[in-house]
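Everything on this sheet refers to the single structure shown next.
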2 protein chains.
Amino acid sequence: MSDLVERFTAIVGPQGLVSDAAAVQALATDWRKRYAGAPLAVLKPATVEEVSAILRLATETRTAIVPQGGNTGLCGGATPDTSGQQVIVNLSRMRRVSNVDAIGNTISVEAGCTLAEVQRAAEEVDRLFPLSLASEGSCEIGGNLSTNAGGVHVLRYGTMRDLVLGLQVVLPSGEIWDGLRGLRKDNTGYDLKQLFIGAEGTLGIITAAVLKLFPKPKTKAIALAAFDTPQEALALLAHVQSTCGDRLTAFELMSAPCLALVRKHFAQIPPPFERSYSQYALIELSDCAQGDLDEMLQDALGDALDGGLIRDAVLADSLRQASDLWALRENISEAQAAEGKNIKHDISLPVASIADFIRDTDAELKRAYPHVRMVVFGHLGDGNLHYNVSAPEGVANGDFLREQPIINRIVHDAVHRFGGSISAEHGLGQYKREEILRYKSAVEMELMRTLKRSLDPLGIMNPGKVL
Amino acid sequence: MSDLVERFTAIVGPQGLVSDAAAVQALATDWRKRYAGAPLAVLKPATVEEVSAILRLATETRTAIVPQGGNTGLCGGATPDTSGQQVIVNLSRMRRVSNVDAIGNTISVEAGCTLAEVQRAAEEVDRLFPLSLASEGSCEIGGNLSTNAGGVHVLRYGTMRDLVLGLQVVLPSGEIWDGLRGLRKDNTGYDLKQLFIGAEGTLGIITAAVLKLFPKPKTKAIALAAFDTPQEALALLAHVQSTCGDRLTAFELMSAPCLALVRKHFAQIPPPFERSYSQYALIELSDCAQGDLDEMLQDALGDALDGGLIRDAVLADSLRQASDLWALRENISEAQAAEGKNIKHDISLPVASIADFIRDTDAELKRAYPHVRMVVFGHLGDGNLHYNVSAPEGVANGDFLREQPIINRIVHDAVHRFGGSISAEHGLGQYKREEILRYKSAVEMELMRTLKRSLDPLGIMNPGKVL
């Protein structure tokens with residue numbers, strides 16, 4: 001053990017140092033196994049004071065720090081480089097939940113709580129913590145905050161940024177900023193917490209947060225609608241929004257290849273319709289008050305059917321059927337993975353441009369790669385598409401993946417033309433750090449660098465990420 | 001005209017320079033007439049390029065700039081000092097509205113649009129822009145953004161910060177940051193717009209924004225409930241939230257002296273009850289879908305009455321009666337002003353602490369000043385109180401106002417003890433710039449100063465405000 005590792009270990013104690021080689025390797029590799037780092041050490045502090053002492057020592061010794069939560073990120077933002085010089089600070093041992101306040105609708109949590117733990121703590125007081133995403137059983141709140149996580153309920157409740165009232169952050173110097181306020185309104189200067197949310201650990205380490213809770217929905221209605229084009233999906237979205245209002249809590253678009261892949265790899269999920277259609281939307285209404293949501297959704301879809309906006313629709317008439325419909329959406333990524341690697345794009349667009357974007361970009365890709373499979377799904381109401389490109393059936397994956405740089409360029413340039421973002425909810429991490437330079441203005445990059453220099457003048461916080 | 005004024009005038013043209021002495025005086029005085037500044041010049045640029053040129057010249061000549069919108073701020077944030085050296089840049093001529101997008105639910109506006117104009121533009125496409133506050137006819141979007149304005153619908157829709165998708169900002173150097181994106185999700189680095197929202201013009205000048213729109217409510221129900229204590233108000237709030245869910249769009253607490261003052265100075269507003277009570281809450285439900293909100297609110301209040309939570313309630317059964325009930329709430333400030341000057345506190349608290357705060361602080365003030373009148377009202381669901389103290393009847397106002405420093409100290413210290421904020425929605429401006437030093441941590445103040453230094457190294461942006 002080097003002197004430096006000994007000094008870090010003295011802060012967290014032996015139980016705060018990950019020493020098993022396989023465990024270190026696992027934490028030094030990202031979830032998609034795209035990056036494998038070689039850290040100097042992996043620390044698991046138990047308190048904010050330990051995090052503070054770690055950063056004081058890091059500042060003194062100019063040691064690069066890589067903050068980490070559940071290690072479920074998709075852009076390598078929590079993976080160290082291969083220099084053997086960077087220290088992972090994993091927050092998983094800091095998982096206290098306190099002050100679950102059903103009157104003020106707030107909850108205080110440490111960064112290492114998993115998202116599912118926070119959801120459960122809210123449920124125990126008959127409240128909802130609305131963030132919901134595929135990795136919720138293992139992703140941690142600190143990571144959700146640092147990447148401004150999204151998921152399926154953004155349409156109604158916003159992203160993680162919208163769900164935060166206060167933060168506690170350890171600054172690169174080791175100073176602790178206590179911004180753990182549970183206030184709905186506070187206009188006393190710059191809103192500092194906003195800086196750290198979505199900064200992917202490049203400005204400090206988030207150690208705790210006060211989050212918003214909501215009344216828990218008492219009723220839900222879930223349906224799957226089938227139609228021909230994304231343009232119709234937009235019209236259907238507008239129709240459901242204006243007839244059902246805020247009850248609309250999910251509107252998930254899926255292209256035909258999504259369902260085909262799920263049905264191929266998860267044959268136990270029953271087919272929703274007797275025939276297949278070009279496009280589908282999974283629609284969820286929910287309401288905290290009693291009321292007949294099924295009837296409301298049925299009316300809305302009946303009107304859409306009568307008006308020729310959709311071709312067919314099925315309304316879940318049992319919890320089992322509701323969960324089967326959701327399973328079609330939730331297993332797309334796994335079905336894609338079972339089919340072989342594919343080229344993913346987590347993009348967002350102005351909602352009204354989505355249909356045009358899909359039409360133009362699908363066509364451009366198919367001109368370049370005939371028979372390519374467009375596995376396009378996402379959170380239509382947020383303008384967020386998972387615009388994934390799978391190899392034509394029968395084409396070797398390896399051959400296809402070599403085209404990734406060209407395909408990324410086609411997709412991202414199109415996103416930029418339509419005023420969109422090349423990372424809607426996954427962040428930049430290492431994965432898109434270079435790519436973003438093509439699209440962000442020089443003024444914006446320089447503003448970001450100015451902030452980075454002023455808050456982390458030694459550049460010890462998660463170097464090589466974002467900027 | 002000095003050389004410097006000539007150079008600024010050359011940028012905006014003669015129509016962009018306010019030369020009438022009375023007009024200059026009006027724009028150099030704050031809304032409450034607490035501060036009267038003496039500017040070097042008042043400029044009204046017509047384009048972002050003119051704002052950019054103004055700031056380039058200001059940087060070159062080290063001229064202090066005071067950005068200004070509708071000049072309705074309550075903390076002197078848009079009023080220059082008396083040195084005769086500061087230049088007001090009033091954005092009122094930049095008032096274009098564009099891209100009112102009913103599919104994506106966005107609207108693009110220039111900073112000089114009044115809030116009411118934006119509300120109207122949204123209504124024209126059957127959408128809602130939900131920010132609503134007393135000065136909406138004259139306050140401007142740039143000011144709403146720079147102060148992170150709140151108002152009566154924060155409970156459901158959030159503050160101005162929550163309603164923004166993108167910004168255009170002229171930096172102190174004169175560079176234009178074009179962040180006018182209409183995206184619901186965008187995680188590509190630091191969320192720069194957050195820095196400028198609520199910064200009261202100390203980091204740059206906001207010149208345009210993309211804002212969120214919402215489905216327009218189709219039905220409303222309005223009621224006034226009467227009860228004995230703020231503690232009951234909290235229980236009633238929780239009850240209405242859990243039975244009516246998101247339909248709850250306003251929950252306004254008012255103490256008995258509020259209604260007494262309104263009835264005294266606005267005798268044409270009918271009394272809501274035959275007798276008076278200690279506390280009242282104005283409750284508004286709204287819904288974008290059809291449905292019987294009156295019945296829902298009546299049921300909720302009926303349960304509350306049966307359970308002994310409230311003493312009486314009246315449900316508006318006509319638009320006229322609804323507007324009369326709102327008039328009781330909306331005329332409190334004017335009634336207070338008619339009664340004479342008073343000592344105002346725009347504070348926020350963790351919602352669950354409000355009743356304890358009011359009990360303790362009312363008692364402390366009444367020990368120090370017997371017979372003082374507590375005119376306490378506010379947005380209970382946001383934890384935001386307008387905790388105003390009026391002189392006892394018969395006491396000369398001048399005598400009472402001399403006590404302001406002591407009264408502020410009692411109130412603000414109590415706010416701090418309860419984990420609250422001494423400026424919930426009005427900002428700091430010049431008014432609370434010194435006061436905040438007593439309550440914010442050194443770490444937080446230094447973080448704010450670091451940001452100020454890095455983004456405005458010459459200190460030309462609205463000096464003497466916030467920091």
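Scheme for the structure tokens: letters A, B, ... for chains in order shown; per-chain residue numbers from 1; ligand numbers from 1 in order shown.
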Among segment 15-88 of chain B, which ones does DSSP assign to strand (DSSP E or B) (computed from the backbone)? Answer as a ChimeraX atom specification. /B:17,29,36,41-43,65-68,87-88
Restrict the calculation to only C-alpha atoms, then for each residue of chain B with any atom at most 7 Å from an atom of chain A give the closest atom pair and their distance in Å to one decimal, rows by chain and rising residue number, as CSV.
```
residue,atom,partner,partner_atom,distance
B:Ile103,CA,A:Ala352,CA,5.6
B:Gly104,CA,A:Val351,CA,4.7
B:Trp177,CA,A:Val443,CA,6.1
B:Arg181,CA,A:Gly419,CA,6.9
B:Gly182,CA,A:Pro350,CA,5.7
B:Leu183,CA,A:Pro350,CA,5.4
B:Arg184,CA,A:Asp382,CA,5.2
B:Lys185,CA,A:Ala424,CA,5.0
B:Asp186,CA,A:Ala424,CA,4.4
B:Asn187,CA,A:Gly427,CA,4.8
B:Thr188,CA,A:Gly427,CA,5.7
B:Gly189,CA,A:Val466,CA,6.1
B:Tyr190,CA,A:Ala199,CA,5.6
B:Asp191,CA,A:Leu195,CA,7.0
B:Gln194,CA,A:Gln194,CA,6.3
B:Leu195,CA,A:Tyr190,CA,6.6
B:Gly198,CA,A:Tyr190,CA,6.4
B:Ala199,CA,A:Tyr190,CA,5.6
B:Pro215,CA,A:Ser242,CA,5.9
B:Ala238,CA,A:Ile103,CA,6.1
B:Gln241,CA,A:Pro215,CA,6.8
B:Ser242,CA,A:Pro215,CA,5.9
B:Thr243,CA,A:Ala289,CA,5.3
B:Cys244,CA,A:Ala289,CA,5.2
B:Gly245,CA,A:Cys288,CA,4.8
B:Cys288,CA,A:Gly245,CA,4.8
B:Ala289,CA,A:Cys244,CA,5.3
B:Ser348,CA,A:Lys185,CA,6.3
B:Leu349,CA,A:Leu183,CA,6.1
B:Pro350,CA,A:Leu183,CA,5.4
B:Val351,CA,A:Gly104,CA,4.7
B:Ala352,CA,A:Gly104,CA,5.1
B:Asp382,CA,A:Arg184,CA,5.2
B:Gly383,CA,A:Arg184,CA,6.6
B:Asn384,CA,A:Lys185,CA,6.9
B:Gly419,CA,A:Arg181,CA,6.9
B:Gly420,CA,A:Leu183,CA,6.9
B:Ser421,CA,A:Asp186,CA,5.8
B:Ser423,CA,A:Asn187,CA,5.5
B:Ala424,CA,A:Asp186,CA,4.4
B:Glu425,CA,A:Asn187,CA,5.6
B:His426,CA,A:Asn187,CA,6.8
B:Gly427,CA,A:Asn187,CA,4.8
B:Leu428,CA,A:Thr188,CA,5.8
B:Val443,CA,A:Trp177,CA,6.1
B:Glu444,CA,A:Trp177,CA,6.5
B:Met448,CA,A:Tyr190,CA,6.5
B:Thr450,CA,A:Ser454,CA,6.6
B:Ser454,CA,A:Ser454,CA,6.4
B:Val466,CA,A:Gly189,CA,6.1
```
Do you have the atom CA of Ser108 of chain A-atom CA of Pro172 of chain A distance handy? 23.1 Å
How would you write, as an NGL selection string, the set of residues in segment 329-400 of chain A that DSSP gives as helix (DSSP H, G or I)? :A and (329-330 or 332-339 or 351-368 or 380-382 or 397-400)
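Using only C-alpha atoms, the contacts of segment 134-143 of chain B at a cut-off of 6 Å, with sequence neighbours closer than 6 positions omitted, comprise Gly69, Gly70, Thr72, Ala111, Gly112, Cys113, Thr114, Leu115 and Ala116 of chain B.
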Restricted to all heavy atoms, what would the selected residues look like written as a PDB file, in the first residue's frame?
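Result file again_5.pdb:
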```
ATOM      1  N   GLY B  69     -36.490  45.958 -15.751  1.00  0.00           N
ATOM      2  CA  GLY B  69     -37.662  45.536 -16.514  1.00  0.00           C
ATOM      3  C   GLY B  69     -38.805  46.493 -16.256  1.00  0.00           C
ATOM      4  O   GLY B  69     -38.716  47.681 -16.554  1.00  0.00           O
ATOM      5  N   GLY B  70     -39.880  45.997 -15.646  1.00  0.00           N
ATOM      6  CA  GLY B  70     -41.059  46.827 -15.396  1.00  0.00           C
ATOM      7  C   GLY B  70     -40.915  47.729 -14.178  1.00  0.00           C
ATOM      8  O   GLY B  70     -41.809  48.509 -13.858  1.00  0.00           O
ATOM      9  N   THR B  72     -40.979  47.038 -11.031  1.00  0.00           N
ATOM     10  CA  THR B  72     -41.967  46.752  -9.980  1.00  0.00           C
ATOM     11  C   THR B  72     -41.360  45.949  -8.831  1.00  0.00           C
ATOM     12  O   THR B  72     -42.084  45.458  -7.964  1.00  0.00           O
ATOM     13  CB  THR B  72     -43.153  45.941 -10.547  1.00  0.00           C
ATOM     14  OG1 THR B  72     -42.654  44.703 -11.069  1.00  0.00           O
ATOM     15  CG2 THR B  72     -43.855  46.699 -11.654  1.00  0.00           C
ATOM     16  N   ALA B 111     -37.297  39.778 -23.252  1.00  0.00           N
ATOM     17  CA  ALA B 111     -37.330  40.097 -21.823  1.00  0.00           C
ATOM     18  C   ALA B 111     -38.310  41.203 -21.466  1.00  0.00           C
ATOM     19  O   ALA B 111     -38.814  41.249 -20.344  1.00  0.00           O
ATOM     20  CB  ALA B 111     -35.924  40.482 -21.351  1.00  0.00           C
ATOM     21  N   GLY B 112     -38.596  42.093 -22.420  1.00  0.00           N
ATOM     22  CA  GLY B 112     -39.435  43.241 -22.098  1.00  0.00           C
ATOM     23  C   GLY B 112     -40.929  42.981 -22.178  1.00  0.00           C
ATOM     24  O   GLY B 112     -41.725  43.874 -21.872  1.00  0.00           O
ATOM     25  N   CYS B 113     -41.334  41.772 -22.551  1.00  0.00           N
ATOM     26  CA  CYS B 113     -42.771  41.460 -22.547  1.00  0.00           C
ATOM     27  C   CYS B 113     -43.299  41.533 -21.127  1.00  0.00           C
ATOM     28  O   CYS B 113     -42.664  41.017 -20.204  1.00  0.00           O
ATOM     29  CB  CYS B 113     -43.014  40.036 -23.045  1.00  0.00           C
ATOM     30  SG  CYS B 113     -42.640  39.788 -24.767  1.00  0.00           S
ATOM     31  N   THR B 114     -44.470  42.102 -20.952  1.00  0.00           N
ATOM     32  CA  THR B 114     -45.062  42.035 -19.611  1.00  0.00           C
ATOM     33  C   THR B 114     -45.567  40.611 -19.376  1.00  0.00           C
ATOM     34  O   THR B 114     -45.860  39.875 -20.315  1.00  0.00           O
ATOM     35  CB  THR B 114     -46.235  43.009 -19.428  1.00  0.00           C
ATOM     36  OG1 THR B 114     -47.300  42.612 -20.286  1.00  0.00           O
ATOM     37  CG2 THR B 114     -45.832  44.443 -19.739  1.00  0.00           C
ATOM     38  N   LEU B 115     -45.680  40.270 -18.106  1.00  0.00           N
ATOM     39  CA  LEU B 115     -46.215  38.952 -17.760  1.00  0.00           C
ATOM     40  C   LEU B 115     -47.615  38.773 -18.338  1.00  0.00           C
ATOM     41  O   LEU B 115     -47.955  37.705 -18.873  1.00  0.00           O
ATOM     42  CB  LEU B 115     -46.212  38.802 -16.230  1.00  0.00           C
ATOM     43  CG  LEU B 115     -46.840  37.540 -15.652  1.00  0.00           C
ATOM     44  CD1 LEU B 115     -46.315  36.284 -16.304  1.00  0.00           C
ATOM     45  CD2 LEU B 115     -46.603  37.502 -14.136  1.00  0.00           C
ATOM     46  N   ALA B 116     -48.428  39.803 -18.271  1.00  0.00           N
ATOM     47  CA  ALA B 116     -49.800  39.694 -18.787  1.00  0.00           C
ATOM     48  C   ALA B 116     -49.807  39.422 -20.284  1.00  0.00           C
ATOM     49  O   ALA B 116     -50.642  38.666 -20.784  1.00  0.00           O
ATOM     50  CB  ALA B 116     -50.585  40.973 -18.466  1.00  0.00           C
TER      51      ALA B 116
END
```
Identify, on the basis of only C-alpha atoms, every residue whose closest approach to Lys220 of chain B does not exceed 8 Å; exclude the query and any residue fewer than 5 positions from it along the same chain; express the result as a ChimeraX atom specification. /B:284-287,293-294
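The shell of residues at most 12 Å from segment 263-271 of chain A, with only C-alpha atoms counted and near chain neighbours (fewer than 6 positions) removed, consists of A:Leu224, A:Ala256, A:Pro257, A:Tyr277, A:Val314, A:Arg320, A:Gln321, A:Ala322, A:Ser323, A:Asp324, A:Leu325, A:Trp326, A:Ala327, A:Leu328, A:Arg329, A:Glu330, A:Asn331, A:Ile332, A:Ser333, A:Glu334, A:Ala335, A:Gln336, A:Ala337, A:Ala338, A:Glu339, A:Gly340.
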Residue nearest Asp81 of chain B among B:Met1, B:Val66, B:Ala10, B:Ala355 (counting only C-alpha atoms): B:Val66
Which residues come within 8 Å of segment 361-370 of chain A, counting only C-alpha atoms, excluding same-chain residues fewer than 2 positions away, as a ChimeraX atom specification? /A:357-359,372,374,392,407,410-411,414
Please provide as an MDAnalysis selection string all residues within 12 Å of Thr61 of chain B, with the sequence filter that same-chain residues fewer than 3 positions apart are discarded (counting only C-alpha atoms). chainID B and resid 3:5 7:8 54:58 64:65 85:87 173 458 460
Selected residues, N, CA and C atoms, written as a compact mmCIF listing (two decimals), in the first residue's frame, please.
```
# COMPACT_ATOMS: atom_id res chain seq x y z
N ASP B 3 -19.32 62.76 -22.98
CA ASP B 3 -18.80 61.90 -24.04
C ASP B 3 -19.30 60.48 -23.89
N LEU B 4 -19.30 60.02 -22.63
CA LEU B 4 -19.68 58.63 -22.39
C LEU B 4 -21.14 58.42 -22.75
N VAL B 5 -21.99 59.33 -22.33
CA VAL B 5 -23.41 59.22 -22.66
C VAL B 5 -23.59 59.28 -24.17
N ARG B 7 -21.53 58.18 -26.37
CA ARG B 7 -21.14 56.89 -26.95
C ARG B 7 -22.23 55.84 -26.72
N PHE B 8 -22.85 55.85 -25.54
CA PHE B 8 -23.95 54.90 -25.31
C PHE B 8 -25.13 55.23 -26.23
N ILE B 54 -23.84 47.75 -25.76
CA ILE B 54 -23.83 48.51 -24.50
C ILE B 54 -22.86 47.86 -23.50
N LEU B 55 -22.93 46.54 -23.37
CA LEU B 55 -22.07 45.89 -22.39
C LEU B 55 -20.61 45.87 -22.84
N ARG B 56 -20.37 45.82 -24.13
CA ARG B 56 -18.97 45.93 -24.59
C ARG B 56 -18.41 47.30 -24.19
N LEU B 57 -19.20 48.32 -24.41
CA LEU B 57 -18.75 49.67 -24.05
C LEU B 57 -18.62 49.81 -22.53
N ALA B 58 -19.55 49.21 -21.81
CA ALA B 58 -19.47 49.26 -20.34
C ALA B 58 -18.20 48.57 -19.85
N ALA B 64 -20.78 50.94 -14.62
CA ALA B 64 -21.71 50.05 -13.93
C ALA B 64 -23.07 50.07 -14.61
N ILE B 65 -23.65 48.88 -14.78
CA ILE B 65 -24.91 48.72 -15.51
C ILE B 65 -25.99 48.20 -14.55
N GLN B 85 -23.15 57.74 -11.82
CA GLN B 85 -22.21 57.03 -12.68
C GLN B 85 -22.79 55.76 -13.29
N GLN B 86 -23.96 55.31 -12.78
CA GLN B 86 -24.48 54.02 -13.24
C GLN B 86 -25.51 54.21 -14.37
N VAL B 87 -25.51 53.27 -15.29
CA VAL B 87 -26.40 53.36 -16.44
C VAL B 87 -27.52 52.32 -16.31
N SER B 173 -19.12 40.92 -20.73
CA SER B 173 -18.17 41.25 -21.80
C SER B 173 -18.88 41.74 -23.06
N LEU B 458 -14.98 42.43 -13.66
CA LEU B 458 -14.83 43.87 -13.46
C LEU B 458 -15.88 44.43 -12.51
N ILE B 460 -19.04 45.10 -13.07
CA ILE B 460 -19.87 46.17 -13.65
C ILE B 460 -21.37 45.85 -13.61
```
